[in-house]
>>> print(open('run-v7.pdb').read())   # PDB, C-alpha atoms
MODEL        1
ATOM      1  CA  LEU A  58      -5.609  -2.271  17.259
ATOM      2  CA  LEU A  59      -6.880  -1.414  13.775
ATOM      3  CA  LEU A  60      -4.361   1.416  13.508
ATOM      4  CA  GLN A  61      -1.512  -1.077  13.915
ATOM      5  CA  LYS A  62      -2.622  -3.724  11.428
ATOM      6  CA  MET A  63      -0.898  -2.377   8.311
ATOM      7  CA  GLU A  64       2.375  -1.826  10.163
ATOM      8  CA  ALA A  65       2.081  -5.303  11.668
ATOM      9  CA  LEU A  66       1.710  -6.655   8.133
ATOM     10  CA  LEU A  67       4.472  -4.675   6.431
ATOM     11  CA  ARG A  68       7.190  -4.515   9.086
ATOM     12  CA  PRO A  69       8.005  -8.255   9.040
ATOM     13  CA  ALA A  70       7.472  -8.343   5.267
ATOM     14  CA  PHE A  71      10.204  -5.728   4.908
ATOM     15  CA  LEU A  72      12.586  -7.344   7.394
ATOM     16  CA  ALA A  73      12.425 -10.802   5.809
ATOM     17  CA  PRO A  74      15.568 -11.713   3.798
ATOM     18  CA  PHE A  75      14.850 -11.037   0.132
ATOM     19  CA  THR A  76      15.726 -14.640  -0.723
ATOM     20  CA  GLU A  77      12.802 -15.781   1.441
ATOM     21  CA  THR A  78      10.325 -13.557  -0.381
ATOM     22  CA  SER A  79       8.903 -13.312  -3.902
ATOM     23  CA  LEU A  80      10.909 -10.165  -4.756
ATOM     24  CA  ALA A  81      13.021 -11.798  -7.475
ATOM     25  CA  LYS A  82       9.887 -13.260  -9.051
ATOM     26  CA  ASP A  83       7.761 -10.117  -8.799
ATOM     27  CA  LEU A  84      10.255  -7.375  -9.677
ATOM     28  CA  PRO A  85      10.717  -8.346 -13.367
ATOM     29  CA  ARG A  86       6.957  -8.338 -13.985
ATOM     30  CA  LEU A  87       6.178  -5.255 -11.879
ATOM     31  CA  ALA A  88       9.120  -3.116 -13.019
ATOM     32  CA  SER A  89       7.158  -1.549 -15.882
ATOM     33  CA  ARG A  90       4.566  -0.346 -13.367
ATOM     34  CA  ILE A  91       7.125   1.416 -11.153
ATOM     35  CA  ALA A  92       7.487   5.189 -11.097
ATOM     36  CA  ILE A  93      10.318   6.803  -9.138
ATOM     37  CA  THR A  94      10.480  10.398  -7.986
ATOM     38  CA  SER A  95      13.331  12.209  -6.257
ATOM     39  CA  PRO A  96      14.571  15.803  -6.071
ATOM     40  CA  THR A  97      17.086  15.118  -8.860
ATOM     41  CA  LEU A  98      15.982  12.118 -10.924
ATOM     42  CA  CYS A  99      12.638  10.615 -11.964
ATOM     43  CA  LEU A 100      11.372   7.603 -13.873
ATOM     44  CA  ASP A 101       7.868   7.380 -15.309
ATOM     45  CA  ALA A 102       5.772   4.259 -14.948
ATOM     46  CA  ARG A 103       6.701   3.170 -18.476
ATOM     47  CA  GLY A 104       9.830   4.058 -20.414
ATOM     48  CA  SER A 105       9.677   5.168 -24.028
ATOM     49  CA  GLY A 106      12.151   5.757 -26.770
ATOM     50  CA  GLY A 107      15.921   6.089 -27.053
ATOM     51  CA  GLU A 108      18.288   4.310 -24.722
ATOM     52  CA  GLU A 109      15.496   3.032 -22.486
ATOM     53  CA  GLU A 110      14.312   0.629 -25.171
ATOM     54  CA  ARG A 111      17.738  -1.005 -25.283
ATOM     55  CA  THR A 112      17.729  -1.880 -21.593
ATOM     56  CA  SER A 113      15.292  -3.874 -19.499
ATOM     57  CA  ARG A 114      12.903  -2.164 -17.153
ATOM     58  CA  VAL A 115      14.656  -3.792 -14.178
ATOM     59  CA  PHE A 116      17.895  -2.198 -15.450
ATOM     60  CA  GLN A 117      16.219   1.224 -15.521
ATOM     61  CA  VAL A 118      14.690   0.922 -12.048
ATOM     62  CA  VAL A 119      17.809  -0.443 -10.350
ATOM     63  CA  SER A 120      20.229   1.963 -12.011
ATOM     64  CA  LEU A 121      18.109   5.020 -11.191
ATOM     65  CA  LEU A 122      17.703   3.989  -7.557
ATOM     66  CA  SER A 123      21.449   3.496  -7.386
ATOM     67  CA  ALA A 124      22.020   6.977  -8.824
ATOM     68  CA  VAL A 125      19.783   8.435  -6.103
ATOM     69  CA  LEU A 126      20.827   6.298  -3.132
ATOM     70  CA  GLN A 127      24.487   5.493  -3.823
ATOM     71  CA  PRO A 128      25.750   7.681  -6.682
ATOM     72  CA  ASP A 129      29.376   6.682  -6.090
ATOM     73  CA  GLN A 130      28.547   3.127  -7.177
ATOM     74  CA  CYS A 131      26.624   3.900 -10.375
ATOM     75  CA  THR A 132      29.249   2.458 -12.719
ATOM     76  CA  GLU A 133      29.483  -0.856 -10.862
ATOM     77  CA  VAL A 134      25.707  -1.134 -10.618
ATOM     78  CA  GLU A 135      25.224  -0.450 -14.329
ATOM     79  CA  GLU A 136      27.726  -3.230 -15.109
ATOM     80  CA  LEU A 137      25.678  -5.618 -12.970
ATOM     81  CA  CYS A 138      22.503  -4.493 -14.733
ATOM     82  CA  HIS A 139      24.088  -5.060 -18.144
ATOM     83  CA  ALA A 140      25.009  -8.569 -16.985
ATOM     84  CA  TYR A 141      21.382  -9.114 -15.960
ATOM     85  CA  ASP A 142      20.140  -8.004 -19.380
ATOM     86  CA  GLN A 143      22.687 -10.277 -21.049
ATOM     87  CA  ARG A 144      21.446 -13.228 -19.013
ATOM     88  CA  LEU A 145      17.904 -12.500 -20.196
ATOM     89  CA  ALA A 146      19.099 -12.247 -23.800
ATOM     90  CA  GLU A 147      20.669 -15.695 -23.390
ATOM     91  CA  GLY A 148      17.315 -17.109 -22.300
ATOM     92  CA  ALA A 149      17.784 -17.221 -18.538
ATOM     93  CA  ASP A 150      14.731 -17.435 -16.296
ATOM     94  CA  PRO A 151      13.960 -13.839 -15.180
ATOM     95  CA  GLN A 152      13.497 -14.934 -11.573
ATOM     96  CA  ILE A 153      16.893 -16.649 -11.468
ATOM     97  CA  ALA A 154      18.603 -13.738 -13.211
ATOM     98  CA  CYS A 155      16.953 -11.267 -10.835
ATOM     99  CA  THR A 156      18.019 -13.306  -7.795
ATOM    100  CA  GLU A 157      21.585 -13.158  -9.081
ATOM    101  CA  LEU A 158      21.361  -9.404  -9.668
ATOM    102  CA  LEU A 159      19.932  -8.634  -6.226
ATOM    103  CA  GLY A 160      22.600 -10.795  -4.614
ATOM    104  CA  ALA A 161      25.384  -9.135  -6.609
ATOM    105  CA  LEU A 162      24.106  -5.721  -5.541
ATOM    106  CA  GLY A 163      24.747  -6.734  -1.950
ATOM    107  CA  GLY A 164      21.537  -8.471  -1.000
ATOM    108  CA  ASP A 165      19.784  -7.144   2.083
ATOM    109  CA  GLU A 166      22.781  -4.920   2.878
ATOM    110  CA  SER A 167      22.236  -2.935  -0.327
ATOM    111  CA  PRO A 168      20.119   0.237  -0.061
ATOM    112  CA  VAL A 169      18.845  -0.443  -3.585
ATOM    113  CA  VAL A 170      17.618  -3.912  -2.626
ATOM    114  CA  ARG A 171      16.059  -2.583   0.581
ATOM    115  CA  ALA A 172      14.303   0.140  -1.424
ATOM    116  CA  LEU A 173      12.688  -2.587  -3.530
ATOM    117  CA  LYS A 174      11.794  -5.088  -0.818
ATOM    118  CA  LEU A 175       8.116  -4.128  -0.719
ATOM    119  CA  VAL A 176       7.703  -4.231  -4.508
ATOM    120  CA  ARG A 177       5.888  -7.520  -4.144
ATOM    121  CA  GLN A 178       2.476  -8.932  -4.876
ATOM    122  CA  GLY A 179       2.129 -10.088  -1.289
ATOM    123  CA  VAL A 180       1.941  -6.468  -0.104
ATOM    124  CA  VAL A 181      -1.206  -5.894  -2.161
ATOM    125  CA  LEU A 182      -2.736  -9.287  -1.366
ATOM    126  CA  GLY A 183      -2.163  -8.775   2.351
ATOM    127  CA  ALA A 184      -3.793  -5.352   2.213
ATOM    128  CA  MET A 185      -6.799  -6.754   0.357
ATOM    129  CA  GLU A 186      -7.174  -9.482   2.970
ATOM    130  CA  LEU A 187      -7.225  -6.845   5.696
ATOM    131  CA  LEU A 188      -9.814  -4.846   3.789
ATOM    132  CA  ARG A 189     -12.022  -7.886   3.323
ATOM    133  CA  SER A 190     -11.725  -8.686   7.021
ATOM    134  CA  GLN A 191     -13.759  -5.528   7.630
ATOM    135  CA  ALA A 192     -16.783  -7.042   5.885
ATOM    136  CA  PRO A 193     -19.509  -8.322   8.216
ATOM    137  CA  GLU A 194     -20.246 -12.033   8.029
ATOM    138  CA  GLY A 195     -22.236 -12.864   4.894
ATOM    139  CA  VAL A 196     -21.207  -9.711   2.980
ATOM    140  CA  ASP A 197     -19.370 -10.601  -0.231
ATOM    141  CA  ILE A 198     -16.693  -8.191  -1.448
ATOM    142  CA  LEU A 199     -14.684 -10.682  -3.516
ATOM    143  CA  THR A 200     -13.186  -8.994  -6.553
ATOM    144  CA  LYS A 201     -10.779  -9.419  -9.447
ATOM    145  CA  ASP A 202      -8.094  -7.072 -10.686
ATOM    146  CA  VAL A 203      -8.729  -4.424 -13.333
ATOM    147  CA  ARG A 204      -6.429  -5.361 -16.196
ATOM    148  CA  SER A 205      -5.341  -2.022 -17.547
ATOM    149  CA  VAL A 206      -2.155   0.003 -17.725
ATOM    150  CA  ASP A 207      -3.165   1.896 -14.591
ATOM    151  CA  GLY A 208      -4.768  -1.096 -12.876
ATOM    152  CA  TRP A 209      -1.714  -1.503 -10.671
ATOM    153  CA  ARG A 210       0.960   1.144 -10.168
ATOM    154  CA  VAL A 211       3.916   1.242  -7.798
ATOM    155  CA  TYR A 212       5.373   4.566  -6.681
ATOM    156  CA  ILE A 213       8.770   4.915  -5.046
ATOM    157  CA  ASP A 214       9.133   8.425  -3.657
ATOM    158  CA  VAL A 215      12.627   9.403  -2.520
ATOM    159  CA  GLN A 216      11.970  12.779  -0.954
ATOM    160  CA  GLN A 217      12.485  13.970   2.631
ATOM    161  CA  ALA A 218      11.009  10.613   3.587
ATOM    162  CA  PHE A 219      11.246   7.369   1.627
ATOM    163  CA  GLN A 220       7.836   6.009   0.691
ATOM    164  CA  ILE A 221       6.597   3.053  -1.329
ATOM    165  CA  ARG A 222       2.987   3.073  -2.519
ATOM    166  CA  HIS A 223       0.965   0.454  -4.362
ATOM    167  CA  VAL A 224      -2.157   1.808  -6.072
ATOM    168  CA  ARG A 225      -4.458  -0.955  -7.271
ATOM    169  CA  LYS A 226      -7.890  -1.173  -8.915
ATOM    170  CA  GLU A 227     -10.343  -3.994  -8.230
ATOM    171  CA  GLN A 228     -13.758  -4.817  -9.683
ATOM    172  CA  SER A 229     -16.632  -7.135  -8.814
ATOM    173  CA  LEU A 230     -16.727 -10.650 -10.233
ATOM    174  CA  ASP A 231     -20.135 -10.156 -11.928
ATOM    175  CA  MET A 232     -21.038 -13.820 -12.193
ATOM    176  CA  PHE A 233     -22.579 -14.932 -15.503
ATOM    177  CA  GLY A 234     -21.944 -11.464 -16.956
ATOM    178  CA  ASP A 235     -24.563  -9.790 -14.776
ATOM    179  CA  ALA A 236     -23.283  -6.220 -14.261
ATOM    180  CA  THR A 237     -26.356  -4.874 -12.455
ATOM    181  CA  GLN A 238     -24.515  -5.148  -9.116
ATOM    182  CA  HIS A 239     -21.136  -4.075 -10.502
ATOM    183  CA  PHE A 240     -18.722  -2.080  -8.367
ATOM    184  CA  GLU A 241     -15.117  -0.956  -8.625
ATOM    185  CA  TYR A 242     -12.719   0.581  -6.186
ATOM    186  CA  GLU A 243      -9.163   1.854  -6.129
ATOM    187  CA  PHE A 244      -7.019   1.551  -3.034
ATOM    188  CA  GLU A 245      -3.545   2.554  -1.908
ATOM    189  CA  VAL A 246      -1.255   0.693   0.450
ATOM    190  CA  SER A 247       1.695   2.786   1.567
ATOM    191  CA  ALA A 248       4.800   2.264   3.675
ATOM    192  CA  THR A 249       7.273   4.871   4.907
ATOM    193  CA  LEU A 250      10.821   3.720   5.680
ATOM    194  CA  ASP A 251      13.339   5.269   8.037
ATOM    195  CA  SER A 252      16.264   7.288   6.670
ATOM    196  CA  ALA A 253      18.566   4.251   6.678
ATOM    197  CA  LEU A 254      15.976   2.156   4.812
ATOM    198  CA  SER A 255      16.199  -0.349   7.638
ATOM    199  CA  GLY A 256      12.576  -0.555   8.724
ATOM    200  CA  VAL A 257       8.969   0.530   8.252
ATOM    201  CA  THR A 258       8.059   3.539  10.387
ATOM    202  CA  ALA A 259       4.472   4.023   9.191
ATOM    203  CA  ALA A 260       1.947   2.293   6.940
ATOM    204  CA  TRP A 261      -1.649   2.700   5.889
ATOM    205  CA  LEU A 262      -4.355   1.350   3.624
ATOM    206  CA  ARG A 263      -6.719   3.827   2.015
ATOM    207  CA  VAL A 264      -9.630   3.474  -0.394
ATOM    208  CA  LEU A 265      -9.093   6.259  -2.909
ATOM    209  CA  HIS A 266     -12.212   5.888  -5.005
ATOM    210  CA  ALA A 267     -15.289   3.669  -5.212
ATOM    211  CA  GLU A 268     -17.991   3.423  -7.876
ATOM    212  CA  TYR A 269     -21.281   1.524  -7.820
ATOM    213  CA  ALA A 270     -23.597   0.638 -10.698
ATOM    214  CA  GLU A 271     -26.742   2.751 -10.871
ATOM    215  CA  THR A 272     -28.695  -0.496 -11.065
ATOM    216  CA  MET A 273     -27.282  -1.785  -7.771
ATOM    217  CA  LYS A 274     -29.841  -2.692  -5.118
ATOM    218  CA  PRO A 275     -29.977  -0.108  -2.315
ATOM    219  CA  ASP A 276     -29.225  -2.628   0.438
ATOM    220  CA  ARG A 277     -26.219  -3.962  -1.497
ATOM    221  CA  ARG A 278     -24.921  -0.430  -2.056
ATOM    222  CA  ALA A 279     -25.335   0.343   1.650
ATOM    223  CA  GLU A 280     -23.379  -2.707   2.801
ATOM    224  CA  LEU A 281     -20.553  -2.013   0.347
ATOM    225  CA  GLN A 282     -20.378   1.665   1.270
ATOM    226  CA  GLN A 283     -20.079   0.653   4.890
ATOM    227  CA  ILE A 284     -16.753  -0.974   3.967
ATOM    228  CA  LEU A 285     -15.513   0.987   0.952
ATOM    229  CA  GLY A 286     -17.271   4.313   1.375
ATOM    230  CA  THR A 287     -16.986   6.618  -1.614
ATOM    231  CA  GLY A 288     -13.216   6.896  -1.374
ATOM    232  CA  GLY A 289     -10.619   8.900   0.501
ATOM    233  CA  ALA A 290     -10.881   7.167   3.872
ATOM    234  CA  ILE A 291      -7.881   5.618   5.608
ATOM    235  CA  ILE A 292      -9.052   2.153   6.601
ATOM    236  CA  PHE A 293      -5.897   1.020   8.386
ATOM    237  CA  GLY A 294      -3.101   3.386   9.329
TER     238      GLY A 294
ENDMDL
END
>>> encode(input="run-v7.pdb", output="structure tokens")
Amino acid sequence: LLLQKMEALLRPAFLAPFTETSLAKDLPRLASRIAITSPTLCLDARGSGGEEERTSRVFQVVSLLSAVLQPDQCTEVEELCHAYDQRLAEGADPQIACTELLGALGGDESPVVRALKLVRQGVVLGAMELLRSQAPEGVDILTKDVRSVDGWRVYIDVQQAFQIRHVRKEQSLDMFGDATQHFEYEFEVSATLDSALSGVTAAWLRVLHAEYAETMKPDRRAELQQILGTGGAIIFG
């Protein structure tokens, strides 16, 4: 049962019409955290210099995915992306402008839109809820995000298989500034799509790394390590 939980979470999340999800809201704010790799083209997590500075990050992500997934439509897609950037320059709400762009691309029929459907906050929040469900009753593993450039990264890998990975860092709440029981962990939630980008074929949640304050009480460290370990374990796959 545990091995099916991530797929059970992500399969319906992927299949939902994009208009019924938070994609148009989340993509503009997550675009700068996206890195894309493919055999021919790549995009780092943050653009720098030259032409990139004159286009929005959504423009860069969408146009590169189009170049990889549907190269015969690059010109049309770039025109749509320019229209999106113009709407932003005119003061349009990014969510509304992004909804228009995703619809103009073809909506759920577009391979570019389908490639982006799991670039959503709900993917990470759902994974964290599953992770917390592993905690025994009375064990607190509530956390907050680590606000840094690498605190949340999204990788889109267009290789022999198509994979989307969220890598996120969390840290303890440390009430009243007391860091004696501080802990941090980094986890990855990953989904592999089929060749037609029509469904999720595999998914997993993995704790990549966990750190505990040297001042942490031994019993507290033991209960946290029971859930988070020291990193590298696949919790749900």
>>> closest_residue(input="run-v7.pdb", among="A:Gln191, A:Ser167, A:Thr156, A:Gln61", to="Thr258 (chain A)", atoms="all atoms listed in the file")
A:Gln61
>>> resolve_selection(input="run-v7.pdb", expression="the PyMOL selection byres ((chain A and resi 170-178) around 7)", output="JSON, numbers by chain")
{"A": [71, 75, 79, 80, 83, 84, 159, 164, 165, 167, 168, 169, 179, 180, 181, 182, 254]}
>>> closest_atom_pairs(input="run-v7.pdb", of="region 212-294 of chain A", to="region 98-103 of chain A", cutoff="12 Å", atoms="only C-alpha atoms", output="tab-separated table")
residue	atom	partner	partner_atom	distance
A:Tyr212	CA	A:Ala102	CA	8.3
A:Ile213	CA	A:Leu100	CA	9.6
A:Asp214	CA	A:Cys99	CA	9.3
A:Val215	CA	A:Leu98	CA	9.4
A:Gln216	CA	A:Leu98	CA	10.8
>>> resolve_selection(input="run-v7.pdb", expression="the PyMOL selection byres ((chain A and resi 245-249) around 6)", output="CSV table (one decimal) with C-alpha atoms, in the coordinates of the input")
chain,number,residue,atom,x,y,z
A,219,PHE,CA,11.2,7.4,1.6
A,220,GLN,CA,7.8,6.0,0.7
A,221,ILE,CA,6.6,3.1,-1.3
A,222,ARG,CA,3.0,3.1,-2.5
A,223,HIS,CA,1.0,0.5,-4.4
A,224,VAL,CA,-2.2,1.8,-6.1
A,244,PHE,CA,-7.0,1.6,-3.0
A,250,LEU,CA,10.8,3.7,5.7
A,257,VAL,CA,9.0,0.5,8.3
A,258,THR,CA,8.1,3.5,10.4
A,259,ALA,CA,4.5,4.0,9.2
A,260,ALA,CA,1.9,2.3,6.9
A,261,TRP,CA,-1.6,2.7,5.9
A,262,LEU,CA,-4.4,1.4,3.6
A,263,ARG,CA,-6.7,3.8,2.0
>>> residues_near_point(input="run-v7.pdb", point="(-17.0, -7.3, 6.5)", cutoff="12 Å", atoms="all atoms listed in the file", output="NGL selection string")
:A and (185-199 or 280-285)
>>> resolve_selection(input="run-v7.pdb", expression="the PyMOL selection byres ((chain A and resi 89) around 7)", output="PDB file with C-alpha atoms, in the coordinates of the input")
ATOM      1  CA  LEU A  87       6.178  -5.255 -11.879  1.00  0.00           C
ATOM      2  CA  ALA A  88       9.120  -3.116 -13.019  1.00  0.00           C
ATOM      3  CA  ARG A  90       4.566  -0.346 -13.367  1.00  0.00           C
ATOM      4  CA  ILE A  91       7.125   1.416 -11.153  1.00  0.00           C
ATOM      5  CA  ALA A 102       5.772   4.259 -14.948  1.00  0.00           C
ATOM      6  CA  ARG A 103       6.701   3.170 -18.476  1.00  0.00           C
ATOM      7  CA  ARG A 114      12.903  -2.164 -17.153  1.00  0.00           C
TER       8      ARG A 114
END
>>> axis_aligned_box(input="run-v7.pdb", around="region 196-212 of chain A", padding_each_side="6 Å", output="lines of an AutoDock Vina configuration file")
center_x = -7.9
center_y = -3.1
center_z = -7.4
size_x = 38.6
size_y = 27.2
size_z = 32.7
>>> atom_distance(input="run-v7.pdb", atom1="CA of Met273 (chain A)", atom2="CA of Thr287 (chain A)")
14.6 Å
>>> residues_near_point(input="run-v7.pdb", point="(-15.3, -4.8, -5.1)", cutoff="6 Å", atoms="all atoms listed in the file", output="PyMOL selection string")
chain A and resi 198+200+227-229+240-241
>>> atom_distance(input="run-v7.pdb", atom1="CA of Arg68 (chain A)", atom2="CA of Ala184 (chain A)")
13.0 Å
>>> atom_distance(input="run-v7.pdb", atom1="CA of Leu122 (chain A)", atom2="CA of Cys155 (chain A)")
15.6 Å
>>> residues_around(input="run-v7.pdb", residues="Arg225 (chain A)", least_positions_apart="5", cutoff="6 Å", atoms="all atoms listed in the file", output="list in words")
Gly208, Trp209, Glu243 and Phe244 of chain A
>>> closest_residue(input="run-v7.pdb", among="A:Lys201, A:Arg111, A:Asp276, A:Thr97", to="His139 (chain A)", atoms="all atoms listed in the file")
A:Arg111
